[in-house]
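Input: a single structure, listed below in structure tokens.
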Amino acid sequence: MTAGSVEAMAAENELPTFRAVDLTKIYQAGEVEVVALRGVELALMPSELVVLLGPSGSGKSTLLNILGGLDTATSGQVFFRDMELTDADQRRLTRYRRDHVGFVFQFYNLVPSLTARENVALVTEIARAPMAETEALDLVGLSDRMDHFPAQLSGGEQQRVAIARAIAKRPEVLLCDEPTGALDNETGVVVLEAIERVSRELGTTTALITHNVVIADMADRVLSMGGGRIVEDRPNPTRRAPRELAW
Amino acid sequence: MRPLNKKLLRDLWRLRGQVLAIAMVVASGVAVLVMSLTVLEALSATASAYYDRYRFADVFAGVKRAPDRLAGRIAAIEGVQTVETRIVQVALLDIDGFEEPAVGQLVSIPEGRQPHLNQLALRSGRLVEPGRSDEIVISEPFATAHGFEVGDHIDAVINAAKRPLEIVGIALSPEFVYAIGPGSLMPDDKRFGIIWMGHDALAAAYDLDGAFNDVTLSLLPHTEPEAVIDRLDPLLEPYGGTGAIARADQISNWFVNSELDQLRTMATILPTIFIAVAAFLTNMVLGRLIATERAEIGLFKAFGYSDVEIGWLYVKMVMAMTMVGIALGWAAGAWLGRFNTQLYAEFYHFPFLLYRPSPAAFVIGALVSLAAALAGTLGAVRGAATLPPAEAMRPPAPPVYRRSRLADGRLAFWLDQPTRIILRQIIRWPMRSALTVTGIALSVAVLIMANQWLDAINHMIRVYYEDAQHQDVTIGLVEARSETVLRDVEHLPGTFAAEPMRIVGARFRAGRETHRGALYGVPRDATLAPVYDAAGEVVDLPESGLALSEKLAEKLKVSLGDMVQVEILEGRRPVLDLPVARLFDTYIGMPAYMDLDSFNRLLREPYAVDYVHVLADEQARPAFFAELRELPGVASLMIRQAAIDMMHATIGENMLIFISFFSIFAALLTLGVVYSSARIALSESGRELATLRVLGFSRWEISYVLLGQLGILVVLALPLGCLLGWGLAWLIISSFETELYRVPLVIERATFGKAVLITLLSALLSAALIRRRLDRLDLIAVLKTRE
């Protein structure tokens, strides 16, 4: 995204969910310095579904991690609404994740010793204004599998439980890192449908990382990354439903 | 270096915390084993070299008075090598600056030379000059306790006459390694000492010219002492022989040997426990480690490494972990062995010390540990070596959980999800949970067992000296006297009460069983020192017949109503047939009692008393002792409070050091078990915990999930450990049972409390160490990685 478009959005007088200013992240990998992000400028608006595309090492995961409060920036600033994340300590970041952020991981990361419903309850127990576990599982179409343990669910089902778990707290932000990466087409579509549905019904700001260019067609906006920068910021006026996507 | 070996070294470095935890446990086992074995070896070697060099006798016998010419007939017994006759007496000693009289055992030495047997190890000065009746050599511990040096003087009451004696030498003797005064259970170097005097001086003083009252023999190699004793006793009987004893029953040697036996038990039971726990720990760690190494194992196999090479890699890993422990254990064990040997040597006053640990103890320690660790890890290694590569590279399927009554019952409604995770994990791996609980419980048990010794011995002191005895002083007479002596004692300043007692040497027979011991005559209405049983109850003595300790009845295979033949070994030597009229349980010795009146009637002797128990005013003590010294015929003195103090001091010295070693080892064990379990749990559920952190759980909340599980296991382990501790204490106590004493199984509540507290502290320390790791959990890795 260019500096110009950030100003244009600000001019619409709506406060962006996320705003990044000159965001830089340098890793120390052994004796080598890896520059993961080089002065990224970014704004994500409420209810927007953004797809982040880019090859491995382009910086998209690093960006998502910083937005989600899992990682800290080397320099620059990130704001969640009017809260500066780059300035927050571990305690406040934990609080921030707990109250505002929903995560969906490539490998689901369900707790194997808890059933689907209990995995969701894990979050609803500590959230401020959560929905009922049944409601969250209903949203992803799993109300009939609530009492199954992860070992008794297919990959796609496990991922949908993970989505239910992420959205049960009614988060303002839903961050998905390669949510279909471990799934076949058919199952991937079901999962994407679930993501689209919950983000639309809850009005979350959703950021979705993928290698798969086709998936970009379901986004409001597509950001392409390369070499730690946003190389393309493309609005997508013709959003397509996940069902229509084929890869 | 081959890449597999590099990987091994790096893995060991990466797992250094766990390597150290296992090494500590292995080291505890090896250290205890090496310590016990080297001390055992050093003490056995020292004692046997000491006995050899100073010609410790093989057979000992006392008589009333036998003519010197009898020595020739004794020497003619087959198997006898050397005969040494001598005079042994007991006398009261007056020491400047020491309120009460001390007791000296007077032992004659030949004029102007070392005896042939039981030679003296001179520490300073010289032997007694021939013909000098005022010169003495005294035992070194007694000299040290009073600060005596060559040239100092002691007054002794020898056969009712006070004689000033000059110390010309200070010595040790193999005969008095463990020097115990009459009526005592522990050496008291301040109140009991050995005095060697010239033979002629003692013969003159006790009217034993041309006679002896003690004889010691050495035997030719391969001679059974029993055979010699069987022929010696009839020779001595006409001269008032009280029955000869073999070296094995000689009191000092008996104590040294029973100490060595105790050590031997320690050296087998305790290291076994430590090593078993080490094997279990290694097994647990390695099994779970390999589970997390699946992908790498698959990769190595895909590259073409064979099962054997991969198996060997993990065998090397176990060996490396164990070797670290063995090295630590060797160092600690050798140091502790030396330290303890010195301690024992000081206690026993050996003139020299042979501490040359043979490699055996070290090799045994290493082999046992390695074997235990390898056996423990065999299953895991086999599993790693035989995993098909494709399967190994796939992540393991998520573990299947099921509902259970505990986590899903009626109570479950109240459970939050983290608690549910904890409960389901414990239930999902019942074997692993059980092993962890067992490991922690074993360390609680070791702690209880170590501290139980103090409880037991305090209990024995309490029952034997405090509950059973109420006298302040017990006076021993040179020989049995009529009851008029009671009146003399009652007239001593400050005396409230005096009570007689009679002890005679006796041989008990029933069927084919015999026992050489003593028969005690105690008044039925005794109040100062009545007969007490192990439960602390006064034993009501029967009007006639014997009251036998259960141990003696067991040895003689008799029960209530049976007849026992009692051969009295003094005076007229009557042989009596007496019924067993009462049985009672006791911790110390295997005594036999009778009512004093019927005892004296049976003996048909005018003498009635040879010991007097006295209750006396503390304030009048100096005057009491001053007049007691003037009383004729007093041979010995036992001061109850001094004996109690001595017991406590000796036990404090020896036992406390021993107990603190075991407490430290047991604490290390707990630390090892808890820390390893927590570390493995962390590496297994690190991903799960990081997920929870990402979901917004705080550090405290995820610590609860990990440490709560351990907490539950620790809490489960505590009562089990208390139970195991009880069992272990019972096991050790049963194996220590001897004729002289039985250690009671007494465990104070404080001992359980201490063990539980130390375990909890070790668990908390492990938890704190793990907590620091939780704080550094990598959240980013969770998102991308599968394992």
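Chain labels A, B, ... are given in the sequence in which chains occur in the structure tokens; within each chain residues are numbered consecutively from 1, and ligands are likewise numbered from 1 in the order shown.
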
For chain A, list the residues within 6 Å of chain B, counting only C-alpha atoms, and write the list as a PyMOL selection string. chain A and resi 94+97-98+105+113+122+151

Output C-alpha atoms for every residue in that selection, as a PDB file, in the first residue's frame.
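Result went into selection.pdb, see below:
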```pdb
ATOM      1  CA  THR A  94      -1.702 -10.949  26.084  1.00  0.00           C
ATOM      2  CA  ARG A  97      -4.956 -11.112  22.021  1.00  0.00           C
ATOM      3  CA  ARG A  98      -7.424 -12.298  24.601  1.00  0.00           C
ATOM      4  CA  PHE A 105      -3.357 -21.725  12.119  1.00  0.00           C
ATOM      5  CA  SER A 113      -7.417 -33.655  25.154  1.00  0.00           C
ATOM      6  CA  LEU A 122     -11.240 -22.671  26.253  1.00  0.00           C
ATOM      7  CA  ALA A 151      -8.565 -37.417  16.874  1.00  0.00           C
TER       8      ALA A 151
END
```

For range 192-199 of chain A, find every residue with an atom within 8 Å (counting only C-alpha atoms), except residues of its own chain fewer than 5 positions away, and show them as a PyMOL selection string. chain A and resi 47+49+139-141+160+163+167+174+180+204-206+241-243

Output for the residues just chosen: N, CA and C atoms as a PDB file, in the first residue's frame:
```pdb
ATOM      1  N   SER A  47     -14.259  -4.546   9.030  1.00  0.00           N
ATOM      2  CA  SER A  47     -15.050  -5.468   8.196  1.00  0.00           C
ATOM      3  C   SER A  47     -14.375  -5.829   6.886  1.00  0.00           C
ATOM      4  N   LEU A  49     -12.009  -7.827   4.291  1.00  0.00           N
ATOM      5  CA  LEU A  49     -11.344  -9.121   4.178  1.00  0.00           C
ATOM      6  C   LEU A  49     -10.176  -8.961   3.215  1.00  0.00           C
ATOM      7  N   LEU A 139     -21.984 -21.764  13.453  1.00  0.00           N
ATOM      8  CA  LEU A 139     -21.518 -20.869  12.394  1.00  0.00           C
ATOM      9  C   LEU A 139     -20.595 -21.575  11.408  1.00  0.00           C
ATOM     10  N   VAL A 140     -19.833 -22.579  11.876  1.00  0.00           N
ATOM     11  CA  VAL A 140     -18.928 -23.295  10.974  1.00  0.00           C
ATOM     12  C   VAL A 140     -19.528 -24.640  10.555  1.00  0.00           C
ATOM     13  N   GLY A 141     -20.811 -24.860  10.883  1.00  0.00           N
ATOM     14  CA  GLY A 141     -21.520 -26.058  10.434  1.00  0.00           C
ATOM     15  C   GLY A 141     -21.093 -27.329  11.129  1.00  0.00           C
ATOM     16  N   ARG A 160     -12.262 -26.223  11.015  1.00  0.00           N
ATOM     17  CA  ARG A 160     -13.483 -25.450  11.286  1.00  0.00           C
ATOM     18  C   ARG A 160     -13.685 -25.255  12.791  1.00  0.00           C
ATOM     19  N   ILE A 163     -11.606 -22.426  13.640  1.00  0.00           N
ATOM     20  CA  ILE A 163     -12.232 -21.147  13.280  1.00  0.00           C
ATOM     21  C   ILE A 163     -13.296 -20.783  14.312  1.00  0.00           C
ATOM     22  N   ILE A 167     -13.427 -17.362  16.575  1.00  0.00           N
ATOM     23  CA  ILE A 167     -14.441 -16.302  16.482  1.00  0.00           C
ATOM     24  C   ILE A 167     -15.415 -16.267  17.666  1.00  0.00           C
ATOM     25  N   LEU A 174      -9.673 -11.150  12.713  1.00  0.00           N
ATOM     26  CA  LEU A 174      -9.473 -12.585  12.494  1.00  0.00           C
ATOM     27  C   LEU A 174      -8.239 -12.742  11.617  1.00  0.00           C
ATOM     28  N   THR A 180      -5.807 -23.102   4.664  1.00  0.00           N
ATOM     29  CA  THR A 180      -6.143 -24.264   3.827  1.00  0.00           C
ATOM     30  C   THR A 180      -4.886 -25.013   3.407  1.00  0.00           C
ATOM     31  N   THR A 204     -15.838  -8.759  11.243  1.00  0.00           N
ATOM     32  CA  THR A 204     -14.440  -8.679  11.649  1.00  0.00           C
ATOM     33  C   THR A 204     -13.568  -8.179  10.510  1.00  0.00           C
ATOM     34  N   THR A 205     -12.454  -7.593  10.915  1.00  0.00           N
ATOM     35  CA  THR A 205     -11.406  -7.303   9.947  1.00  0.00           C
ATOM     36  C   THR A 205     -10.605  -8.582   9.801  1.00  0.00           C
ATOM     37  N   THR A 206     -10.545  -9.126   8.573  1.00  0.00           N
ATOM     38  CA  THR A 206      -9.933 -10.442   8.399  1.00  0.00           C
ATOM     39  C   THR A 206      -8.717 -10.331   7.501  1.00  0.00           C
ATOM     40  N   ALA A 241     -17.611 -15.884  -4.363  1.00  0.00           N
ATOM     41  CA  ALA A 241     -17.837 -16.777  -3.214  1.00  0.00           C
ATOM     42  C   ALA A 241     -16.838 -17.925  -3.280  1.00  0.00           C
ATOM     43  N   PRO A 242     -16.368 -18.450  -2.149  1.00  0.00           N
ATOM     44  CA  PRO A 242     -15.376 -19.542  -2.156  1.00  0.00           C
ATOM     45  C   PRO A 242     -15.830 -20.727  -2.986  1.00  0.00           C
ATOM     46  N   ARG A 243     -17.140 -20.995  -2.984  1.00  0.00           N
ATOM     47  CA  ARG A 243     -17.682 -22.117  -3.750  1.00  0.00           C
ATOM     48  C   ARG A 243     -17.325 -22.015  -5.234  1.00  0.00           C
TER      49      ARG A 243
END
```

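Take the candidates A:Thr124, A:Thr74, A:Gln90, A:Thr17 and check each one against Val40 in chain A using only C-alpha atoms; the shortest distance goes to A:Thr74.
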
Which polymer residues have any atom within 8 Å of an atom of range 221-235 of chain B, counting only C-alpha atoms, with same-chain residues fewer than 5 positions away left out, as a short mmCIF file (atom, residue, chain, number, x, y, z; two decimals) with N, CA and C atoms, in the first residue's frame?
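Final output, result-v9.cif:
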```
data_model
loop_
_atom_site.label_atom_id
_atom_site.label_comp_id
_atom_site.auth_asym_id
_atom_site.auth_seq_id
_atom_site.Cartn_x
_atom_site.Cartn_y
_atom_site.Cartn_z
N ASP B 58 41.62 -65.17 69.84
CA ASP B 58 40.49 -65.84 69.22
C ASP B 58 39.45 -66.30 70.24
N VAL B 59 39.92 -66.60 71.47
CA VAL B 59 39.00 -67.09 72.51
C VAL B 59 39.28 -66.33 73.80
N ILE B 74 45.80 -75.91 79.32
CA ILE B 74 45.02 -75.21 78.27
C ILE B 74 45.78 -75.26 76.95
N ILE B 77 45.35 -78.20 74.66
CA ILE B 77 44.13 -78.44 73.88
C ILE B 77 44.47 -78.35 72.40
N GLU B 78 43.93 -79.28 71.63
CA GLU B 78 44.25 -79.33 70.21
C GLU B 78 43.75 -78.06 69.51
N GLY B 79 44.65 -77.46 68.74
CA GLY B 79 44.25 -76.27 67.98
C GLY B 79 44.67 -74.98 68.65
N VAL B 80 45.12 -75.04 69.92
CA VAL B 80 45.53 -73.81 70.61
C VAL B 80 46.95 -73.46 70.23
N GLY B 241 35.01 -70.81 86.27
CA GLY B 241 34.90 -70.33 84.88
C GLY B 241 33.46 -69.94 84.55
N GLY B 243 32.41 -69.51 81.45
CA GLY B 243 32.12 -69.87 80.07
C GLY B 243 32.93 -69.02 79.10
N ALA B 244 33.69 -69.69 78.22
CA ALA B 244 34.53 -68.95 77.28
C ALA B 244 33.71 -68.47 76.10
N ILE B 245 34.18 -67.41 75.47
CA ILE B 245 33.51 -66.93 74.26
C ILE B 245 34.51 -66.83 73.12
N ALA B 246 34.00 -66.96 71.91
CA ALA B 246 34.85 -66.84 70.72
C ALA B 246 34.98 -65.36 70.37
#
```

Set the distance at 7 Å and use only C-alpha atoms: which residues neighbour range 258-263 of chain B once local chain neighbours fewer than 5 positions away are removed? I'd like the list as a VMD selection string. chain B and resid 36 40 736

Within 9 Å of Phe212 in chain B, counting only C-alpha atoms, which residues show up once you throw out same-chain ones fewer than 3 positions away? Write them as a ChimeraX atom specification, please. /B:63-68,85-88,203,208-209,215

Where does DSSP see helix (DSSP H, G or I) in range 297-510 of chain B, if you list the residues as a PyMOL selection string? chain B and resi 297-303+307-348+359-386+389-393+405-408+410-414+417-428+430-467+484-490

Write out as a PyMOL selection string which residues come within 10 Å of Ile457 in chain B when counting only C-alpha atoms, dropping same-chain ones fewer than 6 positions away. chain B and resi 463+647-648+651+655+743-746

Would you mind exporting the chosen residues as an mmCIF file, in the first residue's frame, restricted to C-alpha atoms?
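See again_36.cif below for the written result:
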```cif
data_model
loop_
_atom_site.group_PDB
_atom_site.id
_atom_site.type_symbol
_atom_site.label_atom_id
_atom_site.label_comp_id
_atom_site.auth_asym_id
_atom_site.auth_seq_id
_atom_site.Cartn_x
_atom_site.Cartn_y
_atom_site.Cartn_z
ATOM 1 C CA VAL B 463 11.751 -46.729 76.766
ATOM 2 C CA MET B 647 23.678 -42.023 73.569
ATOM 3 C CA HIS B 648 22.261 -38.809 72.191
ATOM 4 C CA ILE B 651 23.915 -40.743 67.713
ATOM 5 C CA MET B 655 23.478 -40.684 62.689
ATOM 6 C CA VAL B 743 15.281 -51.420 66.302
ATOM 7 C CA PRO B 744 11.617 -50.616 66.818
ATOM 8 C CA LEU B 745 9.540 -49.439 63.893
ATOM 9 C CA VAL B 746 8.696 -46.017 65.230
#
```

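What separates CA of Arg507 in chain B from CA of Gly193 in chain B is a distance of 29.1 Å.
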
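Distances here use only C-alpha atoms; by that measure, the residue among B:Ala71, B:Ile158, B:Ala642, B:Val705 closest to Val83 in chain B is B:Ala71.
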
For Pro542 in chain B, work out the shell of residues within 10 Å, counting only C-alpha atoms and skipping chain neighbours fewer than 5 positions away, then give it as a PyMOL selection string. chain B and resi 524+547+580-582+593-595+598

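Per DSSP on the backbone, strand (DSSP E or B) in range 69-188 of chain A comprises Ser75, Gly76, Gln77, Val78, Phe79, Phe80, Met83, Glu84, Val101, Gly102, Phe103, Val104, Val173, Leu174, Leu175, Cys176 and Asp177 of chain A.
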